[in-house]
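Quick notes on the structure that follows.
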Amino acid sequence: MAGSIATLHPETGEGERNARIELAAAFRVAHHLGWNLTARNHITARIPDDPEHFLMNPLGEGWHEVTASSLLKVNIDGTVVTETDKAPGPAGLNFHSCILRSKPELACSLHIHQEAGVIVSATEGGLRFYDQSACALYGDVAYHEFEGLAEEDEEGPRIVADIGDKHALIMKNHGLLTVGRTVGEAFAYMQRLVTACELQTRLLALNAKPRELPDDIARHTYDQMAARRGNKPFGGHDWQMYMRLADSLDPLYRD
């Protein structure tokens, strides 16, 4: 079993324990969905009862291998406090820590290089809106110019500024990023974003002109969806289903 320790330490607090389990589930399901098939890219989760620390995956561990105990604990300034010889990827640590440090209202950030998302990120015009599901993102997608590997200290604040108050960021010629107040919310936004990108790439491959939704209809549909959930985190029911999926795939991710 991959991981820096075999099982969660018995003195791990309930808040950290739950955060570790939820985050490990996100990695396992994201891998199952084909979002990331390498040992790179990151998902982070703030520890709810210790908000100056967050969890993230170590570099070199496949997302199908992540367990609750193998996640690294990092302080909000980006220093790993877990006693381990493993480390996070430098680019991921740089901008994920900046996001959580700059936005205390957020608890999770998720970044992937999923193929359809990279294709859309490299396309002039960005994401288009063709179906009902994508309307959950209408007006909620920002863009960030490609600057090379996101390891420079100065790029983190620019990423944060580009996200603004939105939940989805298309990093041009790079990949996708979503944020949320919970792991489930960031995951749900990413699911909608990936699905919208996949649909767009397939439509544009047809020898036919795709029909975009009119802006007023897309906005109206977004408003309908927002009114339904109120102030609750987006995707709550879906996240509970994904947690059950993680258990069915391999319940040992909880160790």
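Residue numbering restarts at 1 for every chain of the structure tokens, chains are lettered A, B, ... in their displayed order, and ligands are numbered from 1 as they appear.
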Among region 24-189 of chain A, which residues does DSSP mark as strand (DSSP E) when it is run on the backbone? Keep the chain and numbering as in the structure and answer as an NGL selection string. :A and (43-47 or 50-56 or 72-75 or 108-112 or 141-144 or 168-171 or 175-180)
Contacts of Ala134 (chain A) at 9 Å or less, counting only C-alpha atoms, minus same-chain residues fewer than 6 places along, as a list in words?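 Listed by chain and then number, they are Arg128, Arg192, Leu193, Thr195, Ala196, Ala218 and Tyr222 of chain A.
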Residues as selected, N, CA and C atoms, written as a PDB file, in the first residue's frame, can you do that?
ATOM      1  N   ARG A 128     -17.337  27.216 -24.535  1.00  0.00           N
ATOM      2  CA  ARG A 128     -18.628  27.638 -25.075  1.00  0.00           C
ATOM      3  C   ARG A 128     -19.722  26.837 -24.366  1.00  0.00           C
ATOM      4  N   ARG A 192     -18.481  19.196 -14.007  1.00  0.00           N
ATOM      5  CA  ARG A 192     -19.207  19.965 -15.014  1.00  0.00           C
ATOM      6  C   ARG A 192     -18.246  20.555 -16.045  1.00  0.00           C
ATOM      7  N   LEU A 193     -17.096  21.029 -15.590  1.00  0.00           N
ATOM      8  CA  LEU A 193     -16.137  21.651 -16.503  1.00  0.00           C
ATOM      9  C   LEU A 193     -15.553  20.627 -17.468  1.00  0.00           C
ATOM     10  N   THR A 195     -16.884  17.758 -18.369  1.00  0.00           N
ATOM     11  CA  THR A 195     -17.956  17.303 -19.259  1.00  0.00           C
ATOM     12  C   THR A 195     -18.228  18.329 -20.354  1.00  0.00           C
ATOM     13  N   ALA A 196     -18.228  19.615 -19.987  1.00  0.00           N
ATOM     14  CA  ALA A 196     -18.458  20.670 -20.980  1.00  0.00           C
ATOM     15  C   ALA A 196     -17.331  20.704 -22.006  1.00  0.00           C
ATOM     16  N   ALA A 218     -28.804  30.732 -21.310  1.00  0.00           N
ATOM     17  CA  ALA A 218     -27.773  30.130 -20.458  1.00  0.00           C
ATOM     18  C   ALA A 218     -27.773  30.789 -19.078  1.00  0.00           C
ATOM     19  N   TYR A 222     -28.653  29.051 -15.462  1.00  0.00           N
ATOM     20  CA  TYR A 222     -27.740  29.169 -14.322  1.00  0.00           C
ATOM     21  C   TYR A 222     -28.487  29.686 -13.095  1.00  0.00           C
TER      22      TYR A 222
END
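Residue neighbourhood of region 224-233 of chain A, excluding near-sequence residues (fewer than 3 positions): Ser133, Cys135, Ala136, Gly180, Arg181, Thr182, Val183, Gly184, Glu185, Ala186, Ala188, Ala218, Arg219, His220, Thr221, Gly236 and His237 of chain A, at 10 Å, using only C-alpha atoms.
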Selected residue of minimal separation from Gly15 (chain A) among A:Leu204, A:Ile47, A:Val80, A:Ile217, counting only C-alpha atoms: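 Selected residue with least distance to Gly15 (chain A): A:Ile47.
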Coordinates-based distance that separates CA of Trp63 (chain A) from CA of Gln114 (chain A) (Å, one decimal): 13.3 Å
Which residues in region 33-215 of chain A does DSSP call alpha helix (DSSP H)? List them as a VMD selection string. chain A and resid 90 to 102 115 to 121 155 to 163 183 to 204 215
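Between Gly34 (chain A) and the residues A:Glu61, A:Asp85, A:Glu155, A:Glu115, the shortest atom-to-atom distance, using only C-alpha atoms, involves A:Glu115.
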Between A:Ala39, A:Ile112, A:Ile21, A:Gly60, which one has atoms that come closest to Asp247 (chain A), using only C-alpha atoms? A:Ile21
Between A:Leu176, A:Ala24, A:Ile163, A:Leu127, single out the one closest to Ile99 (chain A), counting only C-alpha atoms. A:Ile163
Skip Leu93 (chain A) itself and residues of its chain fewer than 4 positions away, then list as a PDB file with all heavy atoms, in the first residue's frame all residues within 12 Å of it, counting only C-alpha atoms.
ATOM      1  N   ARG A  40       1.371  13.307 -11.333  1.00  0.00           N
ATOM      2  CA  ARG A  40       1.457  14.750 -11.161  1.00  0.00           C
ATOM      3  C   ARG A  40       0.061  15.338 -10.948  1.00  0.00           C
ATOM      4  O   ARG A  40      -0.925  14.625 -10.947  1.00  0.00           O
ATOM      5  CB  ARG A  40       2.138  15.395 -12.374  1.00  0.00           C
ATOM      6  CG  ARG A  40       3.580  14.940 -12.538  1.00  0.00           C
ATOM      7  CD  ARG A  40       4.308  15.685 -13.634  1.00  0.00           C
ATOM      8  NE  ARG A  40       5.705  15.249 -13.704  1.00  0.00           N
ATOM      9  CZ  ARG A  40       6.680  15.766 -12.977  1.00  0.00           C
ATOM     10  NH1 ARG A  40       6.422  16.757 -12.140  1.00  0.00           N
ATOM     11  NH2 ARG A  40       7.914  15.314 -13.076  1.00  0.00           N
ATOM     12  N   ASN A  41       0.023  16.646 -10.801  1.00  0.00           N
ATOM     13  CA  ASN A  41      -1.206  17.401 -10.516  1.00  0.00           C
ATOM     14  C   ASN A  41      -1.658  17.177  -9.077  1.00  0.00           C
ATOM     15  O   ASN A  41      -1.277  16.193  -8.443  1.00  0.00           O
ATOM     16  CB  ASN A  41      -2.327  17.102 -11.504  1.00  0.00           C
ATOM     17  CG  ASN A  41      -1.948  17.469 -12.928  1.00  0.00           C
ATOM     18  OD1 ASN A  41      -1.329  18.509 -13.159  1.00  0.00           O
ATOM     19  ND2 ASN A  41      -2.295  16.623 -13.887  1.00  0.00           N
ATOM     20  N   HIS A  42      -2.471  18.100  -8.580  1.00  0.00           N
ATOM     21  CA  HIS A  42      -2.785  18.102  -7.157  1.00  0.00           C
ATOM     22  C   HIS A  42      -4.252  18.422  -6.881  1.00  0.00           C
ATOM     23  O   HIS A  42      -4.913  19.092  -7.670  1.00  0.00           O
ATOM     24  CB  HIS A  42      -1.928  19.151  -6.419  1.00  0.00           C
ATOM     25  CG  HIS A  42      -0.472  18.852  -6.429  1.00  0.00           C
ATOM     26  ND1 HIS A  42       0.351  19.189  -7.477  1.00  0.00           N
ATOM     27  CD2 HIS A  42       0.327  18.244  -5.501  1.00  0.00           C
ATOM     28  CE1 HIS A  42       1.584  18.804  -7.198  1.00  0.00           C
ATOM     29  NE2 HIS A  42       1.597  18.231  -6.012  1.00  0.00           N
ATOM     30  N   ILE A  43      -4.704  17.931  -5.754  1.00  0.00           N
ATOM     31  CA  ILE A  43      -5.937  18.400  -5.110  1.00  0.00           C
ATOM     32  C   ILE A  43      -5.547  18.735  -3.674  1.00  0.00           C
ATOM     33  O   ILE A  43      -4.785  17.992  -3.035  1.00  0.00           O
ATOM     34  CB  ILE A  43      -7.055  17.345  -5.106  1.00  0.00           C
ATOM     35  CG1 ILE A  43      -7.199  16.662  -6.467  1.00  0.00           C
ATOM     36  CG2 ILE A  43      -8.387  17.986  -4.702  1.00  0.00           C
ATOM     37  CD1 ILE A  43      -8.236  15.532  -6.482  1.00  0.00           C
ATOM     38  N   THR A  44      -6.050  19.849  -3.173  1.00  0.00           N
ATOM     39  CA  THR A  44      -5.754  20.230  -1.799  1.00  0.00           C
ATOM     40  C   THR A  44      -7.045  20.404  -1.018  1.00  0.00           C
ATOM     41  O   THR A  44      -8.094  20.712  -1.588  1.00  0.00           O
ATOM     42  CB  THR A  44      -4.969  21.557  -1.736  1.00  0.00           C
ATOM     43  OG1 THR A  44      -5.809  22.625  -2.189  1.00  0.00           O
ATOM     44  CG2 THR A  44      -3.724  21.498  -2.603  1.00  0.00           C
ATOM     45  N   PHE A  54      -3.301  22.606   5.438  1.00  0.00           N
ATOM     46  CA  PHE A  54      -4.098  21.897   4.435  1.00  0.00           C
ATOM     47  C   PHE A  54      -3.384  20.611   4.046  1.00  0.00           C
ATOM     48  O   PHE A  54      -2.218  20.380   4.421  1.00  0.00           O
ATOM     49  CB  PHE A  54      -4.361  22.782   3.212  1.00  0.00           C
ATOM     50  CG  PHE A  54      -3.138  23.193   2.435  1.00  0.00           C
ATOM     51  CD1 PHE A  54      -2.692  22.447   1.352  1.00  0.00           C
ATOM     52  CD2 PHE A  54      -2.424  24.343   2.772  1.00  0.00           C
ATOM     53  CE1 PHE A  54      -1.571  22.828   0.622  1.00  0.00           C
ATOM     54  CE2 PHE A  54      -1.307  24.738   2.051  1.00  0.00           C
ATOM     55  CZ  PHE A  54      -0.877  23.979   0.973  1.00  0.00           C
ATOM     56  N   LEU A  55      -4.078  19.781   3.292  1.00  0.00           N
ATOM     57  CA  LEU A  55      -3.575  18.485   2.862  1.00  0.00           C
ATOM     58  C   LEU A  55      -3.405  18.477   1.347  1.00  0.00           C
ATOM     59  O   LEU A  55      -4.188  19.091   0.625  1.00  0.00           O
ATOM     60  CB  LEU A  55      -4.552  17.374   3.261  1.00  0.00           C
ATOM     61  CG  LEU A  55      -4.946  17.313   4.731  1.00  0.00           C
ATOM     62  CD1 LEU A  55      -6.130  16.368   4.919  1.00  0.00           C
ATOM     63  CD2 LEU A  55      -3.759  16.863   5.586  1.00  0.00           C
ATOM     64  N   MET A  56      -2.384  17.764   0.872  1.00  0.00           N
ATOM     65  CA  MET A  56      -2.220  17.584  -0.565  1.00  0.00           C
ATOM     66  C   MET A  56      -1.411  16.318  -0.825  1.00  0.00           C
ATOM     67  O   MET A  56      -0.782  15.766   0.088  1.00  0.00           O
ATOM     68  CB  MET A  56      -1.560  18.800  -1.220  1.00  0.00           C
ATOM     69  CG  MET A  56      -0.115  19.052  -0.869  1.00  0.00           C
ATOM     70  SD  MET A  56       0.510  20.638  -1.542  1.00  0.00           S
ATOM     71  CE  MET A  56       0.220  20.462  -3.295  1.00  0.00           C
ATOM     72  N   ASN A  57      -1.419  15.872  -2.048  1.00  0.00           N
ATOM     73  CA  ASN A  57      -0.754  14.627  -2.407  1.00  0.00           C
ATOM     74  C   ASN A  57       0.731  14.828  -2.654  1.00  0.00           C
ATOM     75  O   ASN A  57       1.166  15.890  -3.107  1.00  0.00           O
ATOM     76  CB  ASN A  57      -1.398  14.029  -3.660  1.00  0.00           C
ATOM     77  CG  ASN A  57      -1.471  15.015  -4.812  1.00  0.00           C
ATOM     78  OD1 ASN A  57      -1.946  16.140  -4.642  1.00  0.00           O
ATOM     79  ND2 ASN A  57      -1.031  14.605  -5.986  1.00  0.00           N
ATOM     80  N   PRO A  58       1.543  13.811  -2.350  1.00  0.00           N
ATOM     81  CA  PRO A  58       2.978  13.894  -2.634  1.00  0.00           C
ATOM     82  C   PRO A  58       3.272  13.616  -4.102  1.00  0.00           C
ATOM     83  O   PRO A  58       2.572  12.837  -4.762  1.00  0.00           O
ATOM     84  CB  PRO A  58       3.569  12.801  -1.736  1.00  0.00           C
ATOM     85  CG  PRO A  58       2.475  11.786  -1.626  1.00  0.00           C
ATOM     86  CD  PRO A  58       1.191  12.576  -1.646  1.00  0.00           C
ATOM     87  N   LEU A  59       4.297  14.247  -4.616  1.00  0.00           N
ATOM     88  CA  LEU A  59       4.746  13.992  -5.976  1.00  0.00           C
ATOM     89  C   LEU A  59       5.243  12.551  -6.087  1.00  0.00           C
ATOM     90  O   LEU A  59       5.935  12.048  -5.210  1.00  0.00           O
ATOM     91  CB  LEU A  59       5.882  14.963  -6.325  1.00  0.00           C
ATOM     92  CG  LEU A  59       6.477  14.859  -7.733  1.00  0.00           C
ATOM     93  CD1 LEU A  59       5.435  15.219  -8.777  1.00  0.00           C
ATOM     94  CD2 LEU A  59       7.686  15.780  -7.853  1.00  0.00           C
ATOM     95  N   LEU A  72       0.087  14.655   2.439  1.00  0.00           N
ATOM     96  CA  LEU A  72       0.993  15.527   3.161  1.00  0.00           C
ATOM     97  C   LEU A  72       0.216  16.628   3.869  1.00  0.00           C
ATOM     98  O   LEU A  72      -0.749  17.170   3.326  1.00  0.00           O
ATOM     99  CB  LEU A  72       1.989  16.176   2.198  1.00  0.00           C
ATOM    100  CG  LEU A  72       2.860  15.234   1.372  1.00  0.00           C
ATOM    101  CD1 LEU A  72       3.712  16.042   0.396  1.00  0.00           C
ATOM    102  CD2 LEU A  72       3.740  14.372   2.273  1.00  0.00           C
ATOM    103  N   LYS A  73       0.646  16.972   5.075  1.00  0.00           N
ATOM    104  CA  LYS A  73       0.085  18.112   5.793  1.00  0.00           C
ATOM    105  C   LYS A  73       1.028  19.297   5.600  1.00  0.00           C
ATOM    106  O   LYS A  73       2.235  19.187   5.810  1.00  0.00           O
ATOM    107  CB  LYS A  73      -0.061  17.781   7.281  1.00  0.00           C
ATOM    108  CG  LYS A  73      -0.765  18.855   8.099  1.00  0.00           C
ATOM    109  CD  LYS A  73      -1.009  18.368   9.526  1.00  0.00           C
ATOM    110  CE  LYS A  73      -1.737  19.406  10.359  1.00  0.00           C
ATOM    111  NZ  LYS A  73      -2.012  18.911  11.737  1.00  0.00           N
ATOM    112  N   VAL A  74       0.452  20.423   5.182  1.00  0.00           N
ATOM    113  CA  VAL A  74       1.237  21.590   4.802  1.00  0.00           C
ATOM    114  C   VAL A  74       0.677  22.815   5.514  1.00  0.00           C
ATOM    115  O   VAL A  74      -0.550  22.963   5.625  1.00  0.00           O
ATOM    116  CB  VAL A  74       1.175  21.802   3.271  1.00  0.00           C
ATOM    117  CG1 VAL A  74       2.074  22.943   2.830  1.00  0.00           C
ATOM    118  CG2 VAL A  74       1.540  20.513   2.527  1.00  0.00           C
ATOM    119  N   ASN A  75       1.558  23.710   5.987  1.00  0.00           N
ATOM    120  CA  ASN A  75       1.019  24.936   6.574  1.00  0.00           C
ATOM    121  C   ASN A  75       0.676  25.927   5.462  1.00  0.00           C
ATOM    122  O   ASN A  75       1.070  25.757   4.308  1.00  0.00           O
ATOM    123  CB  ASN A  75       1.945  25.536   7.634  1.00  0.00           C
ATOM    124  CG  ASN A  75       3.199  26.170   7.079  1.00  0.00           C
ATOM    125  OD1 ASN A  75       3.265  26.602   5.937  1.00  0.00           O
ATOM    126  ND2 ASN A  75       4.225  26.232   7.904  1.00  0.00           N
ATOM    127  N   ILE A  76      -0.074  26.942   5.796  1.00  0.00           N
ATOM    128  CA  ILE A  76      -0.657  27.822   4.801  1.00  0.00           C
ATOM    129  C   ILE A  76       0.400  28.588   4.010  1.00  0.00           C
ATOM    130  O   ILE A  76       0.136  29.084   2.912  1.00  0.00           O
ATOM    131  CB  ILE A  76      -1.664  28.791   5.472  1.00  0.00           C
ATOM    132  CG1 ILE A  76      -2.707  29.272   4.460  1.00  0.00           C
ATOM    133  CG2 ILE A  76      -0.938  29.925   6.174  1.00  0.00           C
ATOM    134  CD1 ILE A  76      -3.640  28.188   3.985  1.00  0.00           C
ATOM    135  N   ASP A  77       1.626  28.658   4.544  1.00  0.00           N
ATOM    136  CA  ASP A  77       2.719  29.323   3.835  1.00  0.00           C
ATOM    137  C   ASP A  77       3.452  28.386   2.887  1.00  0.00           C
ATOM    138  O   ASP A  77       4.403  28.795   2.215  1.00  0.00           O
ATOM    139  CB  ASP A  77       3.703  29.933   4.826  1.00  0.00           C
ATOM    140  CG  ASP A  77       3.097  31.094   5.600  1.00  0.00           C
ATOM    141  OD1 ASP A  77       2.325  31.848   4.989  1.00  0.00           O
ATOM    142  OD2 ASP A  77       3.388  31.232   6.799  1.00  0.00           O
ATOM    143  N   GLY A  78       3.035  27.118   2.859  1.00  0.00           N
ATOM    144  CA  GLY A  78       3.619  26.183   1.903  1.00  0.00           C
ATOM    145  C   GLY A  78       4.717  25.300   2.443  1.00  0.00           C
ATOM    146  O   GLY A  78       5.412  24.635   1.667  1.00  0.00           O
ATOM    147  N   THR A  79       4.875  25.225   3.758  1.00  0.00           N
ATOM    148  CA  THR A  79       5.895  24.369   4.361  1.00  0.00           C
ATOM    149  C   THR A  79       5.278  23.028   4.752  1.00  0.00           C
ATOM    150  O   THR A  79       4.283  22.987   5.486  1.00  0.00           O
ATOM    151  CB  THR A  79       6.497  25.024   5.612  1.00  0.00           C
ATOM    152  OG1 THR A  79       7.075  26.284   5.242  1.00  0.00           O
ATOM    153  CG2 THR A  79       7.572  24.138   6.225  1.00  0.00           C
ATOM    154  N   VAL A  80       5.867  21.936   4.274  1.00  0.00           N
ATOM    155  CA  VAL A  80       5.377  20.604   4.614  1.00  0.00           C
ATOM    156  C   VAL A  80       5.744  20.289   6.057  1.00  0.00           C
ATOM    157  O   VAL A  80       6.907  20.394   6.449  1.00  0.00           O
ATOM    158  CB  VAL A  80       5.971  19.546   3.669  1.00  0.00           C
ATOM    159  CG1 VAL A  80       5.518  18.143   4.074  1.00  0.00           C
ATOM    160  CG2 VAL A  80       5.574  19.830   2.226  1.00  0.00           C
ATOM    161  N   ALA A  87       7.597  14.895  -1.067  1.00  0.00           N
ATOM    162  CA  ALA A  87       7.303  16.319  -1.192  1.00  0.00           C
ATOM    163  C   ALA A  87       6.272  16.518  -2.288  1.00  0.00           C
ATOM    164  O   ALA A  87       6.148  15.688  -3.192  1.00  0.00           O
ATOM    165  CB  ALA A  87       8.574  17.095  -1.521  1.00  0.00           C
ATOM    166  N   PRO A  88       5.524  17.602  -2.245  1.00  0.00           N
ATOM    167  CA  PRO A  88       4.593  17.908  -3.339  1.00  0.00           C
ATOM    168  C   PRO A  88       5.350  18.491  -4.518  1.00  0.00           C
ATOM    169  O   PRO A  88       6.507  18.933  -4.393  1.00  0.00           O
ATOM    170  CB  PRO A  88       3.662  18.949  -2.716  1.00  0.00           C
ATOM    171  CG  PRO A  88       4.506  19.637  -1.695  1.00  0.00           C
ATOM    172  CD  PRO A  88       5.451  18.576  -1.167  1.00  0.00           C
ATOM    173  N   GLY A  89       4.723  18.498  -5.682  1.00  0.00           N
ATOM    174  CA  GLY A  89       5.317  19.153  -6.833  1.00  0.00           C
ATOM    175  C   GLY A  89       5.471  20.644  -6.564  1.00  0.00           C
ATOM    176  O   GLY A  89       4.566  21.266  -6.010  1.00  0.00           O
ATOM    177  N   SER A  97      -1.115  26.625  -2.484  1.00  0.00           N
ATOM    178  CA  SER A  97      -0.985  27.263  -1.177  1.00  0.00           C
ATOM    179  C   SER A  97      -1.382  28.728  -1.254  1.00  0.00           C
ATOM    180  O   SER A  97      -2.002  29.266  -0.320  1.00  0.00           O
ATOM    181  CB  SER A  97       0.454  27.127  -0.653  1.00  0.00           C
ATOM    182  OG  SER A  97       1.383  27.782  -1.487  1.00  0.00           O
ATOM    183  N   CYS A  98      -1.067  29.395  -2.372  1.00  0.00           N
ATOM    184  CA  CYS A  98      -1.437  30.798  -2.529  1.00  0.00           C
ATOM    185  C   CYS A  98      -2.950  30.963  -2.578  1.00  0.00           C
ATOM    186  O   CYS A  98      -3.502  31.904  -1.993  1.00  0.00           O
ATOM    187  CB  CYS A  98      -0.790  31.367  -3.793  1.00  0.00           C
ATOM    188  SG  CYS A  98      -0.983  33.148  -3.964  1.00  0.00           S
ATOM    189  N   ILE A  99      -3.627  30.062  -3.258  1.00  0.00           N
ATOM    190  CA  ILE A  99      -5.089  30.126  -3.335  1.00  0.00           C
ATOM    191  C   ILE A  99      -5.701  30.017  -1.940  1.00  0.00           C
ATOM    192  O   ILE A  99      -6.538  30.833  -1.538  1.00  0.00           O
ATOM    193  CB  ILE A  99      -5.635  29.018  -4.257  1.00  0.00           C
ATOM    194  CG1 ILE A  99      -5.276  29.311  -5.723  1.00  0.00           C
ATOM    195  CG2 ILE A  99      -7.153  28.879  -4.103  1.00  0.00           C
ATOM    196  CD1 ILE A  99      -5.541  28.154  -6.657  1.00  0.00           C
ATOM    197  N   LEU A 100      -5.307  29.008  -1.176  1.00  0.00           N
ATOM    198  CA  LEU A 100      -5.902  28.796   0.143  1.00  0.00           C
ATOM    199  C   LEU A 100      -5.485  29.871   1.135  1.00  0.00           C
ATOM    200  O   LEU A 100      -6.269  30.249   2.015  1.00  0.00           O
ATOM    201  CB  LEU A 100      -5.520  27.411   0.668  1.00  0.00           C
ATOM    202  CG  LEU A 100      -6.073  26.225  -0.140  1.00  0.00           C
ATOM    203  CD1 LEU A 100      -5.643  24.901   0.490  1.00  0.00           C
ATOM    204  CD2 LEU A 100      -7.587  26.279  -0.252  1.00  0.00           C
ATOM    205  N   ARG A 101      -4.284  30.392   0.986  1.00  0.00           N
ATOM    206  CA  ARG A 101      -3.827  31.476   1.858  1.00  0.00           C
ATOM    207  C   ARG A 101      -4.594  32.771   1.575  1.00  0.00           C
ATOM    208  O   ARG A 101      -4.938  33.519   2.485  1.00  0.00           O
ATOM    209  CB  ARG A 101      -2.325  31.688   1.653  1.00  0.00           C
ATOM    210  CG  ARG A 101      -1.704  32.733   2.561  1.00  0.00           C
ATOM    211  CD  ARG A 101      -0.191  32.679   2.497  1.00  0.00           C
ATOM    212  NE  ARG A 101       0.351  32.958   1.177  1.00  0.00           N
ATOM    213  CZ  ARG A 101       0.914  32.037   0.387  1.00  0.00           C
ATOM    214  NH1 ARG A 101       1.021  30.773   0.795  1.00  0.00           N
ATOM    215  NH2 ARG A 101       1.400  32.367  -0.800  1.00  0.00           N
ATOM    216  N   SER A 109      -8.942  23.112  -3.630  1.00  0.00           N
ATOM    217  CA  SER A 109      -8.578  23.471  -5.000  1.00  0.00           C
ATOM    218  C   SER A 109      -8.164  22.200  -5.730  1.00  0.00           C
ATOM    219  O   SER A 109      -7.533  21.314  -5.149  1.00  0.00           O
ATOM    220  CB  SER A 109      -7.447  24.504  -5.024  1.00  0.00           C
ATOM    221  OG  SER A 109      -6.299  24.019  -4.349  1.00  0.00           O
ATOM    222  N   LEU A 110      -8.528  22.124  -7.010  1.00  0.00           N
ATOM    223  CA  LEU A 110      -8.353  20.896  -7.783  1.00  0.00           C
ATOM    224  C   LEU A 110      -7.807  21.280  -9.156  1.00  0.00           C
ATOM    225  O   LEU A 110      -8.419  22.085  -9.863  1.00  0.00           O
ATOM    226  CB  LEU A 110      -9.717  20.185  -7.903  1.00  0.00           C
ATOM    227  CG  LEU A 110      -9.807  18.732  -8.349  1.00  0.00           C
ATOM    228  CD1 LEU A 110     -11.230  18.219  -8.138  1.00  0.00           C
ATOM    229  CD2 LEU A 110      -9.389  18.499  -9.774  1.00  0.00           C
ATOM    230  N   HIS A 111      -6.681  20.683  -9.536  1.00  0.00           N
ATOM    231  CA  HIS A 111      -6.044  21.023 -10.814  1.00  0.00           C
ATOM    232  C   HIS A 111      -5.715  19.761 -11.594  1.00  0.00           C
ATOM    233  O   HIS A 111      -5.124  18.822 -11.051  1.00  0.00           O
ATOM    234  CB  HIS A 111      -4.768  21.825 -10.562  1.00  0.00           C
ATOM    235  CG  HIS A 111      -3.965  22.089 -11.804  1.00  0.00           C
ATOM    236  ND1 HIS A 111      -4.486  22.745 -12.907  1.00  0.00           N
ATOM    237  CD2 HIS A 111      -2.677  21.785 -12.125  1.00  0.00           C
ATOM    238  CE1 HIS A 111      -3.560  22.841 -13.837  1.00  0.00           C
ATOM    239  NE2 HIS A 111      -2.453  22.263 -13.389  1.00  0.00           N
ATOM    240  N   LEU A 149       6.055  26.864 -16.356  1.00  0.00           N
ATOM    241  CA  LEU A 149       5.798  26.139 -15.115  1.00  0.00           C
ATOM    242  C   LEU A 149       5.445  27.143 -14.017  1.00  0.00           C
ATOM    243  O   LEU A 149       6.149  28.126 -13.814  1.00  0.00           O
ATOM    244  CB  LEU A 149       7.018  25.320 -14.703  1.00  0.00           C
ATOM    245  CG  LEU A 149       7.460  24.218 -15.672  1.00  0.00           C
ATOM    246  CD1 LEU A 149       8.704  23.514 -15.118  1.00  0.00           C
ATOM    247  CD2 LEU A 149       6.341  23.222 -15.929  1.00  0.00           C
ATOM    248  N   ALA A 150       4.349  26.861 -13.300  1.00  0.00           N
ATOM    249  CA  ALA A 150       3.827  27.833 -12.323  1.00  0.00           C
ATOM    250  C   ALA A 150       4.587  27.780 -11.002  1.00  0.00           C
ATOM    251  O   ALA A 150       4.008  27.669  -9.925  1.00  0.00           O
ATOM    252  CB  ALA A 150       2.349  27.587 -12.101  1.00  0.00           C
ATOM    253  N   GLU A 151       5.920  27.869 -11.094  1.00  0.00           N
ATOM    254  CA  GLU A 151       6.774  27.763  -9.916  1.00  0.00           C
ATOM    255  C   GLU A 151       7.198  29.115  -9.360  1.00  0.00           C
ATOM    256  O   GLU A 151       7.741  29.196  -8.265  1.00  0.00           O
ATOM    257  CB  GLU A 151       8.024  26.953 -10.253  1.00  0.00           C
ATOM    258  CG  GLU A 151       7.731  25.513 -10.663  1.00  0.00           C
ATOM    259  CD  GLU A 151       8.989  24.760 -11.066  1.00  0.00           C
ATOM    260  OE1 GLU A 151      10.068  25.396 -11.095  1.00  0.00           O
ATOM    261  OE2 GLU A 151       8.888  23.556 -11.347  1.00  0.00           O
ATOM    262  N   GLU A 152       7.001  30.184 -10.133  1.00  0.00           N
ATOM    263  CA  GLU A 152       7.451  31.498  -9.702  1.00  0.00           C
ATOM    264  C   GLU A 152       6.519  32.061  -8.631  1.00  0.00           C
ATOM    265  O   GLU A 152       5.290  31.976  -8.761  1.00  0.00           O
ATOM    266  CB  GLU A 152       7.514  32.457 -10.891  1.00  0.00           C
ATOM    267  CG  GLU A 152       8.378  31.963 -12.050  1.00  0.00           C
ATOM    268  CD  GLU A 152       9.834  31.803 -11.659  1.00  0.00           C
ATOM    269  OE1 GLU A 152      10.299  32.570 -10.785  1.00  0.00           O
ATOM    270  OE2 GLU A 152      10.501  30.908 -12.213  1.00  0.00           O
ATOM    271  N   ASP A 153       7.100  32.646  -7.599  1.00  0.00           N
ATOM    272  CA  ASP A 153       6.291  33.191  -6.510  1.00  0.00           C
ATOM    273  C   ASP A 153       5.288  34.218  -7.010  1.00  0.00           C
ATOM    274  O   ASP A 153       4.171  34.315  -6.486  1.00  0.00           O
ATOM    275  CB  ASP A 153       7.203  33.846  -5.458  1.00  0.00           C
ATOM    276  CG  ASP A 153       8.033  32.832  -4.686  1.00  0.00           C
ATOM    277  OD1 ASP A 153       7.683  31.640  -4.720  1.00  0.00           O
ATOM    278  OD2 ASP A 153       9.030  33.249  -4.065  1.00  0.00           O
ATOM    279  N   GLY A 156       1.549  32.958  -8.453  1.00  0.00           N
ATOM    280  CA  GLY A 156       0.449  32.574  -7.571  1.00  0.00           C
ATOM    281  C   GLY A 156      -0.568  33.686  -7.377  1.00  0.00           C
ATOM    282  O   GLY A 156      -1.776  33.470  -7.583  1.00  0.00           O
TER     283      GLY A 156
END
Considering only C-alpha atoms, can you say which of A:Leu23, A:Cys197, A:Leu137, A:Val120 comes closest to Ala168 (chain A)?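 Among A:Leu23, A:Cys197, A:Leu137, A:Val120, it is A:Leu137 that comes nearest to Ala168 (chain A).
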Can you pull out the residues contacting Tyr253 (chain A)? Cut-off 6 Å, using only C-alpha atoms, and skip same-chain residues under 2 positions away; I want them as JSON, numbers by chain. {"A": [67, 251, 255]}
